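Structure file structure.pdb with PDB, C-alpha atoms:
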```pdb
ATOM      1  CA  MET A   1      77.265 118.254 107.333
ATOM      2  CA  PRO A   2      78.285 114.586 106.722
ATOM      3  CA  PRO A   3      75.551 111.976 106.947
ATOM      4  CA  ALA A   4      74.975 110.033 110.157
ATOM      5  CA  LEU A   5      76.564 106.605 110.298
ATOM      6  CA  GLY A   6      73.167 104.999 110.033
ATOM      7  CA  ASP A   7      72.807 106.590 106.576
ATOM      8  CA  LEU A   8      76.172 105.214 105.427
ATOM      9  CA  ALA A   9      76.413 101.740 103.929
ATOM     10  CA  VAL A  10      78.539  99.793 106.403
ATOM     11  CA  THR A  11      80.969  98.510 103.788
ATOM     12  CA  ASP A  12      81.430 101.779 101.846
ATOM     13  CA  ALA A  13      84.383 102.999 103.883
ATOM     14  CA  LEU A  14      86.158  99.660 103.674
ATOM     15  CA  ASP A  15      85.441  99.399  99.952
ATOM     16  CA  CYS A  16      87.471 102.588  99.554
ATOM     17  CA  LEU A  17      90.134 101.508 102.054
ATOM     18  CA  TRP A  18      91.143  98.154 100.530
ATOM     19  CA  PRO A  19      92.382  99.471  97.146
ATOM     20  CA  LEU A  20      94.254 102.232  98.991
ATOM     21  CA  LEU A  21      96.025  99.594 101.087
ATOM     22  CA  GLU A  22      96.932  97.662  97.940
ATOM     23  CA  ALA A  23      98.525 100.738  96.323
ATOM     24  CA  ARG A  24     102.311 101.091  96.420
ATOM     25  CA  CYS A  25     101.846 104.638  97.702
ATOM     26  CA  PRO A  26      98.887 104.497 100.132
ATOM     27  CA  ILE A  27      98.011 108.184  99.838
ATOM     28  CA  VAL A  28      94.745 109.680  98.641
ATOM     29  CA  THR A  29      94.458 113.203  97.251
ATOM     30  CA  ALA A  30      91.685 115.733  97.695
ATOM     31  CA  HIS A  31      90.504 114.901  94.175
ATOM     32  CA  GLY A  32      90.417 111.189  95.055
ATOM     33  CA  VAL A  33      88.452 111.809  98.238
ATOM     34  CA  ALA A  34      85.944 113.882  96.276
ATOM     35  CA  GLY A  35      85.057 110.744  94.326
ATOM     36  CA  TRP A  36      84.278 108.693  97.449
ATOM     37  CA  PRO A  37      80.726 108.168  98.696
ATOM     38  CA  ALA A  38      79.533 110.794 101.170
ATOM     39  CA  GLY A  39      80.724 110.215 104.718
ATOM     40  CA  VAL A  40      83.455 107.655 103.901
ATOM     41  CA  HIS A  41      86.352 110.078 104.313
ATOM     42  CA  GLU A  42      85.030 111.348 107.634
ATOM     43  CA  ARG A  43      84.485 107.805 108.886
ATOM     44  CA  LEU A  44      88.060 106.702 108.135
ATOM     45  CA  LEU A  45      89.376 109.877 109.747
ATOM     46  CA  SER A  46      87.299 109.277 112.867
ATOM     47  CA  LEU A  47      88.735 105.769 113.192
ATOM     48  CA  GLY A  48      92.255 107.171 112.868
ATOM     49  CA  ILE A  49      92.998 104.939 109.877
ATOM     50  CA  LEU A  50      93.515 108.026 107.681
ATOM     51  CA  VAL A  51      95.578 111.033 108.756
ATOM     52  CA  ARG A  52      96.660 114.222 107.011
ATOM     53  CA  GLY A  53      99.862 113.870 105.032
ATOM     54  CA  GLU A  54     102.098 116.359 103.271
ATOM     55  CA  ASP A  55     100.470 118.727 100.792
ATOM     56  CA  ALA A  56     100.704 117.661  97.159
ATOM     57  CA  GLN A  57     103.294 119.216  94.866
ATOM     58  CA  ARG A  58     101.295 118.281  91.759
ATOM     59  CA  VAL A  59      97.523 118.594  91.375
ATOM     60  CA  LEU A  60      94.785 118.028  88.846
ATOM     61  CA  CYS A  61      93.879 121.305  87.213
ATOM     62  CA  PRO A  62      90.946 122.769  89.198
ATOM     63  CA  GLU A  63      89.702 124.645  86.098
ATOM     64  CA  CYS A  64      89.534 122.028  83.334
ATOM     65  CA  GLN A  65      90.135 118.739  85.231
ATOM     66  CA  GLU A  66      92.145 117.493  82.259
ATOM     67  CA  HIS A  67      95.818 117.502  83.335
ATOM     68  CA  CYS A  68      98.115 117.363  86.350
ATOM     69  CA  GLU A  69     100.825 119.973  86.804
ATOM     70  CA  GLU A  70     103.478 120.930  89.305
ATOM     71  CA  ILE A  71     102.429 123.787  91.558
ATOM     72  CA  ILE A  72     104.097 127.183  91.270
ATOM     73  CA  ALA A  73     104.162 129.492  94.306
ATOM     74  CA  CYS A  74     103.781 133.214  93.647
ATOM     75  CA  VAL A  75     103.980 136.151  96.018
ATOM     76  CA  THR A  76     100.972 138.444  95.664
ATOM     77  CA  PRO A  77     101.116 142.248  96.044
ATOM     78  CA  GLY A  78      99.961 141.857  99.632
ATOM     79  CA  ALA A  79     103.013 139.645 100.347
ATOM     80  CA  ALA A  80     100.825 136.539 100.651
ATOM     81  CA  VAL A  81     101.743 133.363  98.816
ATOM     82  CA  ALA A  82      99.330 132.016  96.200
ATOM     83  CA  PHE A  83      99.601 128.781  94.246
ATOM     84  CA  TYR A  84      99.025 128.302  90.525
ATOM     85  CA  ILE A  85      99.525 125.754  87.780
ATOM     86  CA  PRO A  86      99.795 126.395  84.032
ATOM     87  CA  CYS A  87      96.687 125.552  82.036
ATOM     88  CA  PRO A  88      96.276 125.773  78.221
ATOM     89  CA  HIS A  89      92.680 126.905  78.645
ATOM     90  CA  VAL A  90      93.063 129.721  81.172
ATOM     91  CA  LEU A  91      96.886 130.156  81.030
ATOM     92  CA  ARG A  92      97.209 130.220  84.814
ATOM     93  CA  ALA A  93      94.840 128.365  87.132
ATOM     94  CA  ARG A  94      94.783 129.266  90.799
ATOM     95  CA  VAL A  95      95.047 126.314  93.214
ATOM     96  CA  PRO A  96      93.023 126.670  96.434
ATOM     97  CA  PRO A  97      94.922 125.399  99.513
ATOM     98  CA  GLU A  98      92.444 122.566 100.133
ATOM     99  CA  THR A  99      93.124 121.234  96.626
ATOM    100  CA  ARG A 100      96.627 120.308  97.773
ATOM    101  CA  TRP A 101      95.501 118.313 100.818
ATOM    102  CA  GLN A 102      96.387 114.635 101.006
ATOM    103  CA  TRP A 103      95.711 111.829 103.472
ATOM    104  CA  GLN A 104      97.746 108.729 104.177
ATOM    105  CA  VAL A 105      97.057 105.414 105.873
ATOM    106  CA  ASN A 106      98.027 105.281 109.542
ATOM    107  CA  PHE A 107      99.273 101.699 109.654
ATOM    108  CA  ASP A 108      99.924 101.745 113.400
ATOM    109  CA  THR A 109      96.253 102.442 114.075
ATOM    110  CA  LEU A 110      95.033  99.970 111.462
ATOM    111  CA  VAL A 111      97.221  97.180 112.860
ATOM    112  CA  ALA A 112      96.097  97.911 116.438
ATOM    113  CA  ILE A 113      92.420  97.820 115.381
ATOM    114  CA  LEU A 114      92.869  94.522 113.531
ATOM    115  CA  ALA A 115      94.696  92.918 116.460
ATOM    116  CA  LEU A 116      91.956  93.985 118.882
ATOM    117  CA  THR A 117      89.153  92.890 116.553
ATOM    118  CA  LEU A 118      90.703  89.468 115.999
ATOM    119  CA  GLY A 119      91.271  88.976 119.743
ATOM    120  CA  LEU A 120      94.976  88.166 119.385
ATOM    121  CA  THR A 121      97.568  87.879 122.126
ATOM    122  CA  GLY A 122     100.937  89.602 122.189
ATOM    123  CA  ARG A 123     101.920  93.058 121.011
ATOM    124  CA  PRO A 124     101.687  93.898 117.287
ATOM    125  CA  ARG A 125     104.990  94.682 115.608
ATOM    126  CA  GLU A 126     106.178  95.749 112.188
ATOM    127  CA  LEU A 127     108.344  93.121 110.479
ATOM    128  CA  MET A 128     109.012  95.073 107.253
ATOM    129  CA  PRO A 129     108.312  98.812 106.871
ATOM    130  CA  HIS A 130     104.850  99.376 105.406
ATOM    131  CA  ARG A 131     104.771  95.801 104.015
ATOM    132  CA  LEU A 132     104.455  93.206 106.761
ATOM    133  CA  TRP A 133     103.213  93.193 110.373
ATOM    134  CA  CYS A 134     102.747  90.525 113.013
ATOM    135  CA  LEU A 135      99.336  91.342 114.465
ATOM    136  CA  GLY A 136      99.780  88.888 117.340
ATOM    137  CA  ARG A 137      99.209  85.202 118.011
ATOM    138  CA  SER A 138      96.147  83.003 117.991
ATOM    139  CA  GLU A 139      95.362  79.480 119.159
ATOM    140  CA  TRP A 140      94.382  77.227 116.274
ATOM    141  CA  ARG A 141      93.537  73.636 117.215
ATOM    142  CA  GLY A 142      95.869  73.663 120.179
ATOM    143  CA  THR A 143      98.780  75.330 118.378
ATOM    144  CA  ARG A 144      99.864  78.950 118.722
ATOM    145  CA  ARG A 145     100.274  80.633 115.353
ATOM    146  CA  ASP A 146     101.465  84.033 114.187
ATOM    147  CA  VAL A 147      98.792  86.157 112.511
ATOM    148  CA  LEU A 148     100.215  88.534 109.899
ATOM    149  CA  LEU A 149      99.103  91.441 107.737
ATOM    150  CA  ALA A 150     100.934  91.728 104.417
ATOM    151  CA  ARG A 151     100.847  94.185 101.512
ATOM    152  CA  GLY A 152     102.112  93.768  97.986
ATOM    153  CA  LEU A 153     102.287  89.987  97.727
ATOM    154  CA  SER A 154     101.724  90.353  93.973
ATOM    155  CA  TRP A 155     104.437  92.999  93.505
ATOM    156  CA  ASP A 156     107.699  92.175  91.764
ATOM    157  CA  ASP A 157     109.736  92.751  94.960
ATOM    158  CA  VAL A 158     107.840  90.175  97.006
ATOM    159  CA  ALA A 159     110.852  87.923  97.739
ATOM    160  CA  GLY A 160     111.866  89.780 100.905
ATOM    161  CA  VAL A 161     108.325  89.755 102.260
ATOM    162  CA  ARG A 162     107.998  86.056 101.501
ATOM    163  CA  ARG A 163     111.224  85.276 103.352
ATOM    164  CA  ALA A 164     109.985  87.197 106.395
ATOM    165  CA  ILE A 165     106.658  85.330 106.315
ATOM    166  CA  VAL A 166     108.192  81.858 106.221
ATOM    167  CA  ARG A 167     110.386  82.717 109.225
ATOM    168  CA  THR A 168     107.335  83.240 111.431
ATOM    169  CA  HIS A 169     105.616  80.498 113.412
ATOM    170  CA  ARG A 170     103.011  78.655 111.311
ATOM    171  CA  PRO A 171     101.657  81.933 109.879
ATOM    172  CA  ILE A 172      98.102  82.875 109.018
ATOM    173  CA  VAL A 173      98.331  85.776 106.575
ATOM    174  CA  PHE A 174      95.773  88.531 105.988
ATOM    175  CA  VAL A 175      95.954  90.753 102.911
ATOM    176  CA  PRO A 176      93.753  93.790 102.224
ATOM    177  CA  ARG A 177      92.063  92.523  99.070
ATOM    178  CA  ASP A 178      94.309  90.875  96.439
ATOM    179  CA  LYS A 179      95.413  87.323  97.229
ATOM    180  CA  PRO A 180      98.644  86.260  95.506
ATOM    181  CA  GLY A 181      98.876  83.426  93.005
ATOM    182  CA  ARG A 182     100.411  80.023  93.683
ATOM    183  CA  ASP A 183     103.693  81.154  92.097
ATOM    184  CA  CYS A 184     104.220  83.594  94.971
ATOM    185  CA  TRP A 185     105.301  80.665  97.159
ATOM    186  CA  SER A 186     108.218  78.326  96.634
ATOM    187  CA  GLY A 187     107.085  75.855  99.286
ATOM    188  CA  ARG A 188     104.046  75.131 101.381
ATOM    189  CA  LEU A 189     101.307  77.757 101.092
ATOM    190  CA  PRO A 190     100.232  79.421 104.335
ATOM    191  CA  PRO A 191      96.545  80.300 104.742
ATOM    192  CA  VAL A 192      96.022  83.678 103.035
ATOM    193  CA  LEU A 193      92.758  85.526 103.737
ATOM    194  CA  ALA A 194      91.474  88.726 102.135
ATOM    195  CA  LEU A 195      90.145  91.244 104.660
ATOM    196  CA  ALA A 196      87.752  92.483 101.990
ATOM    197  CA  GLN A 197      85.933  89.134 102.258
ATOM    198  CA  VAL A 198      85.712  88.866 106.050
ATOM    199  CA  ALA A 199      85.682  92.429 107.460
ATOM    200  CA  THR A 200      82.826  94.912 107.747
ATOM    201  CA  LEU A 201      82.291  98.239 109.451
ATOM    202  CA  ASN A 202      79.465  98.764 111.924
ATOM    203  CA  GLU A 203      78.607 101.484 114.410
ATOM    204  CA  GLU A 204      81.046 100.105 116.982
ATOM    205  CA  GLY A 205      83.908  99.889 114.467
ATOM    206  CA  LEU A 206      85.583  97.082 112.568
ATOM    207  CA  ASP A 207      84.058  93.610 112.743
ATOM    208  CA  VAL A 208      85.049  90.263 111.206
ATOM    209  CA  ASP A 209      83.098  87.181 110.232
ATOM    210  CA  ARG A 210      84.824  84.493 112.265
ATOM    211  CA  ARG A 211      83.012  81.681 110.477
ATOM    212  CA  GLU A 212      84.421  82.882 107.162
ATOM    213  CA  ILE A 213      87.915  83.051 108.685
ATOM    214  CA  VAL A 214      87.699  79.508 110.077
ATOM    215  CA  ALA A 215      86.390  78.159 106.768
ATOM    216  CA  ALA A 216      89.171  79.875 104.812
ATOM    217  CA  ILE A 217      91.890  78.543 107.133
ATOM    218  CA  GLU A 218      90.481  75.006 107.009
ATOM    219  CA  GLU A 219      90.378  75.131 103.211
ATOM    220  CA  ALA A 220      93.964  76.379 103.026
ATOM    221  CA  GLU A 221      95.173  73.791 105.538
ATOM    222  CA  ALA A 222      93.495  70.992 103.599
ATOM    223  CA  GLY A 223      95.257  72.150 100.445
ATOM    224  CA  ALA A 224      98.575  72.356 102.264
ATOM    225  CA  THR A 225      98.178  68.771 103.483
ATOM    226  CA  ASP A 226      97.792  67.625  99.899
ATOM    227  CA  GLN A 227     100.866  69.584  98.842
ATOM    228  CA  ILE A 228     103.080  68.029 101.497
ATOM    229  CA  ALA A 229     102.670  64.463 100.255
ATOM    230  CA  VAL A 230     105.994  62.698  99.971
ATOM    231  CA  ILE A 231     107.828  63.459  96.741
ATOM    232  CA  SER A 232     110.715  61.871  94.929
ATOM    233  CA  GLU A 233     114.341  62.710  95.631
ATOM    234  CA  GLU A 234     114.789  64.328  92.203
ATOM    235  CA  HIS A 235     111.672  66.448  92.707
ATOM    236  CA  LEU A 236     112.996  67.558  96.084
ATOM    237  CA  LYS A 237     116.319  68.557  94.512
ATOM    238  CA  ARG A 238     114.461  70.634  91.914
ATOM    239  CA  MET A 239     112.446  72.324  94.667
ATOM    240  CA  ILE A 240     115.640  73.224  96.518
ATOM    241  CA  ARG A 241     117.273  74.640  93.376
ATOM    242  CA  GLN A 242     114.186  76.691  92.558
ATOM    243  CA  GLN A 243     113.860  78.005  96.089
ATOM    244  CA  VAL A 244     117.531  78.912  96.449
ATOM    245  CA  LYS A 245     117.304  80.817  93.171
ATOM    246  CA  ALA A 246     114.063  82.567  94.187
ATOM    247  CA  GLU A 247     115.138  83.386  97.721
ATOM    248  CA  GLY A 248     118.671  84.546  96.973
ATOM    249  CA  LYS A 249     120.261  81.743  99.056
ATOM    250  CA  THR A 250     118.893  83.168 102.302
ATOM    251  CA  ALA A 251     115.961  80.943 103.279
ATOM    252  CA  LEU A 252     114.507  77.473 102.980
ATOM    253  CA  THR A 253     110.877  76.816 103.810
ATOM    254  CA  ASP A 254     109.602  74.347 106.382
ATOM    255  CA  ASP A 255     108.238  72.236 103.528
ATOM    256  CA  ILE A 256     111.785  71.713 102.230
ATOM    257  CA  PHE A 257     113.059  70.737 105.691
ATOM    258  CA  VAL A 258     110.178  68.291 106.215
ATOM    259  CA  GLN A 259     110.580  66.690 102.809
ATOM    260  CA  ALA A 260     114.329  66.320 103.334
ATOM    261  CA  TYR A 261     113.714  64.620 106.683
ATOM    262  CA  ARG A 262     111.255  62.223 105.066
ATOM    263  CA  GLN A 263     113.730  61.418 102.309
ATOM    264  CA  CYS A 264     116.753  60.985 104.558
ATOM    265  CA  GLY A 265     115.211  59.413 107.624
ATOM    266  CA  SER A 266     117.147  61.435 110.211
ATOM    267  CA  VAL A 267     117.757  65.028 111.214
ATOM    268  CA  ARG A 268     121.523  64.732 110.683
ATOM    269  CA  ARG A 269     121.296  63.298 107.180
ATOM    270  CA  ALA A 270     118.600  65.815 106.237
ATOM    271  CA  ALA A 271     120.838  68.718 107.309
ATOM    272  CA  ALA A 272     123.788  67.305 105.372
ATOM    273  CA  PHE A 273     121.652  66.712 102.290
ATOM    274  CA  LEU A 274     120.225  70.225 102.360
ATOM    275  CA  SER A 275     123.672  71.745 102.870
ATOM    276  CA  GLN A 276     124.971  69.845  99.847
ATOM    277  CA  GLN A 277     122.021  70.681  97.595
ATOM    278  CA  SER A 278     121.550  74.320  98.577
ATOM    279  CA  GLY A 279     125.180  75.375  98.860
ATOM    280  CA  GLN A 280     124.625  76.858 102.316
ATOM    281  CA  ALA A 281     125.214  75.612 105.834
ATOM    282  CA  VAL A 282     122.090  73.922 107.167
ATOM    283  CA  THR A 283     122.189  72.727 110.772
ATOM    284  CA  LYS A 284     120.428  69.904 112.555
ATOM    285  CA  ASP A 285     118.752  72.507 114.768
ATOM    286  CA  GLN A 286     117.143  74.141 111.745
ATOM    287  CA  VAL A 287     115.684  70.826 110.636
ATOM    288  CA  GLN A 288     114.566  70.019 114.178
ATOM    289  CA  ARG A 289     112.792  73.362 114.573
ATOM    290  CA  ALA A 290     110.977  72.865 111.267
ATOM    291  CA  LEU A 291     109.847  69.408 112.374
ATOM    292  CA  LYS A 292     108.592  70.851 115.651
ATOM    293  CA  ARG A 293     106.581  73.498 113.797
ATOM    294  CA  ALA A 294     105.110  70.723 111.618
ATOM    295  CA  GLY A 295     103.929  68.836 114.715
ATOM    296  CA  GLY A 296     106.988  66.707 115.466
ATOM    297  CA  ALA A 297     108.891  63.928 113.735
ATOM    298  CA  ALA A 298     106.248  61.316 114.520
ATOM    299  CA  ALA A 299     103.475  63.406 113.010
ATOM    300  CA  VAL A 300     105.560  64.056 109.912
ATOM    301  CA  LEU A 301     106.289  60.375 109.373
ATOM    302  CA  ASP A 302     102.708  59.322 110.119
ATOM    303  CA  THR A 303     101.440  61.404 107.182
ATOM    304  CA  ARG A 304     103.267  59.178 104.673
ATOM    305  CA  ASN A 305     101.465  56.494 102.726
ATOM    306  CA  SER A 306     102.943  53.012 102.955
ATOM    307  CA  HIS A 307     103.881  53.001  99.245
ATOM    308  CA  SER A 308     105.667  56.336  99.405
ATOM    309  CA  VAL A 309     108.440  55.527 101.864
ATOM    310  CA  GLN A 310     111.658  56.528 100.136
ATOM    311  CA  ARG A 311     115.087  55.085 100.746
ATOM    312  CA  ALA A 312     117.615  57.330 102.509
ATOM    313  CA  VAL A 313     119.784  59.436 100.248
ATOM    314  CA  ALA A 314     122.593  57.106  99.212
ATOM    315  CA  SER A 315     125.263  59.755  99.298
ATOM    316  CA  GLN A 316     124.800  60.370 103.035
ATOM    317  CA  ARG A 317     126.247  58.155 105.800
ATOM    318  CA  ARG A 318     123.971  56.637 108.421
ATOM    319  CA  ASP A 319     123.807  58.201 111.864
ATOM    320  CA  LYS A 320     126.009  56.499 114.399
TER     321      LYS A 320
END
```
Written as structure tokens, how would this file's structure read?
Amino acid sequence: MPPALGDLAVTDALDCLWPLLEARCPIVTAHGVAGWPAGVHERLLSLGILVRGEDAQRVLCPECQEHCEEIIACVTPGAAVAFYIPCPHVLRARVPPETRWQWQVNFDTLVAILALTLGLTGRPRELMPHRLWCLGRSEWRGTRRDVLLARGLSWDDVAGVRRAIVRTHRPIVFVPRDKPGRDCWSGRLPPVLALAQVATLNEEGLDVDRREIVAAIEEAEAGATDQIAVISEEHLKRMIRQQVKAEGKTALTDDIFVQAYRQCGSVRRAAAFLSQQSGQAVTKDQVQRALKRAGGAAAVLDTRNSHSVQRAVASQRRDK
């Protein structure tokens, strides 16, 4: 009989969940579950975060525990099917049915639990299969912002996930455990929070430390303010070249739009400048929407220091 919840350390189940969520294939085998603390597997099943998956086709040898082999099905004299794997120690090791069991993460349930726990508005939706979800929206200092859950921000195929993140409205991003490095982003960094640092499990279910979340967002926002200081025209051109190369000519971040507006002095000239530098059609509406997300043109211009006002790009005509 599994232990009562009161006998289970409240973070044990989540300590086992976070690395599973960071894995490319979020599936745990019967052998993996056997190494978890008592009661963790049952707890995650009861929450609906883990569900039974397909039976494994390869298993760790149940006899010697030294090698993994592909399972061979054999028909016994009684016409029943038995499973075996080859083993150098016993020649043929029988595989009990429960040895093949596997469990996978139920992302729909996990996302719904997170959205409810965080008190978000709107309906959660998947933005990229098994990689990125919009959990809902939250009010942050009078502004509505998208709250996201992302996996694999340190993987080598992160570009598509990054593009989807920067398209959302002033995102706040949660990751299971591993926060990406600065080189993950080609523009302004959104707040990225590790659930492993703010989430716990109690008798009622998942809980979050809201003070930790607020502190993490404020720290990230303060860093982002420093990053968005006005830069030179040549630096901006380098940023555009780097981003176009990184993003496959499909996306520019709000930071690029804002910096172009600061350099050029108008929405029209900023759009023309970005079109010329990026090799793609950038419209005035795109620049305008980015300015709106940044708090408006006045707010953007007010953040400049008096010594950092740059002349408009000489190659662009003035608005008429």
Atom-to-atom span, atom CA of A:Arg92 and atom CA of A:Arg52, Å
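About the pair atom CA of A:Arg92 and atom CA of A:Arg52: they are 27.4 Å apart.
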Give as a PyMOL selection string the set of residues within 12 Å of the point (94.2, 128.5, 87.0), where distances use the file's coordinates and all atoms listed in the file.
chain A and resi 59-65+67-69+71-72+82-96
Got a sec to resolve the PyMOL selection byres ((chain A and resi 15-22) around 8) on this structure and send the residues as a list in words?
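Output from the PyMOL selection byres ((chain A and resi 15-22) around 8), applied to this file: Thr11, Asp12, Ala13, Leu14, Ala23, Arg24, Pro26, Ile27, Val28, Trp36, Val40, Val105, Arg151, Gly152, Pro176, Arg177, Asp178 and Ala196 of chain A.
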Residue nearest A:Leu206 among A:Arg238, A:Arg170, A:Arg144, A:Arg43 (counting all atoms listed in the file)
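Looking at the shortest contact to A:Leu206, the residue is A:Arg43.
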Quick one: which residues end up in the PyMOL selection byres ((chain A and resi 168) around 12) for this structure, as JSON, numbers by chain?
{"A": [127, 132, 133, 134, 135, 136, 137, 144, 145, 146, 147, 148, 161, 162, 163, 164, 165, 166, 167, 169, 170, 171, 172, 173, 190, 253, 254, 289, 290, 293]}
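From atom CA of A:Ala194 back to atom CA of A:Pro129, the distance works out to 20.2 Å.
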Given 3 Å on each side, where is the centre and what are the edge lengths in Å to one decimal of the axis-aligned box enclosing the listed atoms of stretch 286-299 of chain A, as AutoDock Vina command-line options?
```
--center_x 110.3 --center_y 67.7 --center_z 113.1 --size_x 19.7 --size_y 18.8 --size_z 11.0
```
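If all atoms listed in the file are the atoms counted, then among A:Glu212, A:Glu126, A:Asp207, A:Glu221 the closest residue to A:Leu189 is A:Glu221.
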Take atom CA of A:Thr283 and atom CA of A:Arg125 and report the distance between them in Å, one decimal.
28.3 Å
Which neighbours of stretch 108-112 of chain A fall inside 8 Å, counting only C-alpha atoms, when residues of the same chain fewer than 3 positions from it are skipped, and could you give them as a PyMOL selection string?
chain A and resi 48-49+115-116+124+133+135+149
I'd like to know which of A:Pro191, A:Gly122, A:Gly296, A:Gly53 is closest to A:Lys179, using all atoms listed in the file.
A:Pro191
Some atoms are missing, so please complete stretch 58-74 of chain A with N, CA and C atoms and return it as a PDB file, in the coordinates of the input.
```
ATOM      1  N   ARG A  58     101.947 118.309  93.067  1.00  0.00           N
ATOM      2  CA  ARG A  58     101.295 118.281  91.759  1.00  0.00           C
ATOM      3  C   ARG A  58      99.810 118.061  91.991  1.00  0.00           C
ATOM      4  N   VAL A  59      98.970 118.741  91.214  1.00  0.00           N
ATOM      5  CA  VAL A  59      97.523 118.594  91.375  1.00  0.00           C
ATOM      6  C   VAL A  59      96.850 118.536  90.014  1.00  0.00           C
ATOM      7  N   LEU A  60      95.638 117.982  90.021  1.00  0.00           N
ATOM      8  CA  LEU A  60      94.785 118.028  88.846  1.00  0.00           C
ATOM      9  C   LEU A  60      94.279 119.450  88.673  1.00  0.00           C
ATOM     10  N   CYS A  61      94.287 119.920  87.457  1.00  0.00           N
ATOM     11  CA  CYS A  61      93.879 121.305  87.213  1.00  0.00           C
ATOM     12  C   CYS A  61      92.460 121.553  87.740  1.00  0.00           C
ATOM     13  N   PRO A  62      92.283 122.508  88.648  1.00  0.00           N
ATOM     14  CA  PRO A  62      90.946 122.769  89.198  1.00  0.00           C
ATOM     15  C   PRO A  62      90.007 123.443  88.201  1.00  0.00           C
ATOM     16  N   GLU A  63      90.538 123.954  87.085  1.00  0.00           N
ATOM     17  CA  GLU A  63      89.702 124.645  86.098  1.00  0.00           C
ATOM     18  C   GLU A  63      89.118 123.682  85.076  1.00  0.00           C
ATOM     19  N   CYS A  64      90.007 122.880  84.425  1.00  0.00           N
ATOM     20  CA  CYS A  64      89.534 122.028  83.334  1.00  0.00           C
ATOM     21  C   CYS A  64      89.485 120.548  83.689  1.00  0.00           C
ATOM     22  N   GLN A  65      90.128 120.140  84.793  1.00  0.00           N
ATOM     23  CA  GLN A  65      90.135 118.739  85.231  1.00  0.00           C
ATOM     24  C   GLN A  65      90.698 117.794  84.172  1.00  0.00           C
ATOM     25  N   GLU A  66      91.638 118.298  83.370  1.00  0.00           N
ATOM     26  CA  GLU A  66      92.145 117.493  82.259  1.00  0.00           C
ATOM     27  C   GLU A  66      93.620 117.137  82.381  1.00  0.00           C
ATOM     28  N   HIS A  67      94.381 117.752  83.275  1.00  0.00           N
ATOM     29  CA  HIS A  67      95.818 117.502  83.335  1.00  0.00           C
ATOM     30  C   HIS A  67      96.333 117.786  84.741  1.00  0.00           C
ATOM     31  N   CYS A  68      97.442 117.131  85.076  1.00  0.00           N
ATOM     32  CA  CYS A  68      98.115 117.363  86.350  1.00  0.00           C
ATOM     33  C   CYS A  68      99.380 118.161  86.096  1.00  0.00           C
ATOM     34  N   GLU A  69      99.648 119.119  86.963  1.00  0.00           N
ATOM     35  CA  GLU A  69     100.825 119.973  86.804  1.00  0.00           C
ATOM     36  C   GLU A  69     101.481 120.211  88.152  1.00  0.00           C
ATOM     37  N   GLU A  70     102.762 120.556  88.103  1.00  0.00           N
ATOM     38  CA  GLU A  70     103.478 120.930  89.305  1.00  0.00           C
ATOM     39  C   GLU A  70     103.076 122.333  89.730  1.00  0.00           C
ATOM     40  N   ILE A  71     102.917 122.526  91.023  1.00  0.00           N
ATOM     41  CA  ILE A  71     102.429 123.787  91.558  1.00  0.00           C
ATOM     42  C   ILE A  71     103.550 124.824  91.570  1.00  0.00           C
ATOM     43  N   ILE A  72     103.173 126.045  91.235  1.00  0.00           N
ATOM     44  CA  ILE A  72     104.097 127.183  91.270  1.00  0.00           C
ATOM     45  C   ILE A  72     103.614 128.152  92.347  1.00  0.00           C
ATOM     46  N   ALA A  73     104.511 128.533  93.245  1.00  0.00           N
ATOM     47  CA  ALA A  73     104.162 129.492  94.306  1.00  0.00           C
ATOM     48  C   ALA A  73     104.511 130.900  93.845  1.00  0.00           C
ATOM     49  N   CYS A  74     103.581 131.818  94.038  1.00  0.00           N
ATOM     50  CA  CYS A  74     103.781 133.214  93.647  1.00  0.00           C
ATOM     51  C   CYS A  74     103.454 134.123  94.834  1.00  0.00           C
TER      52      CYS A  74
END
```
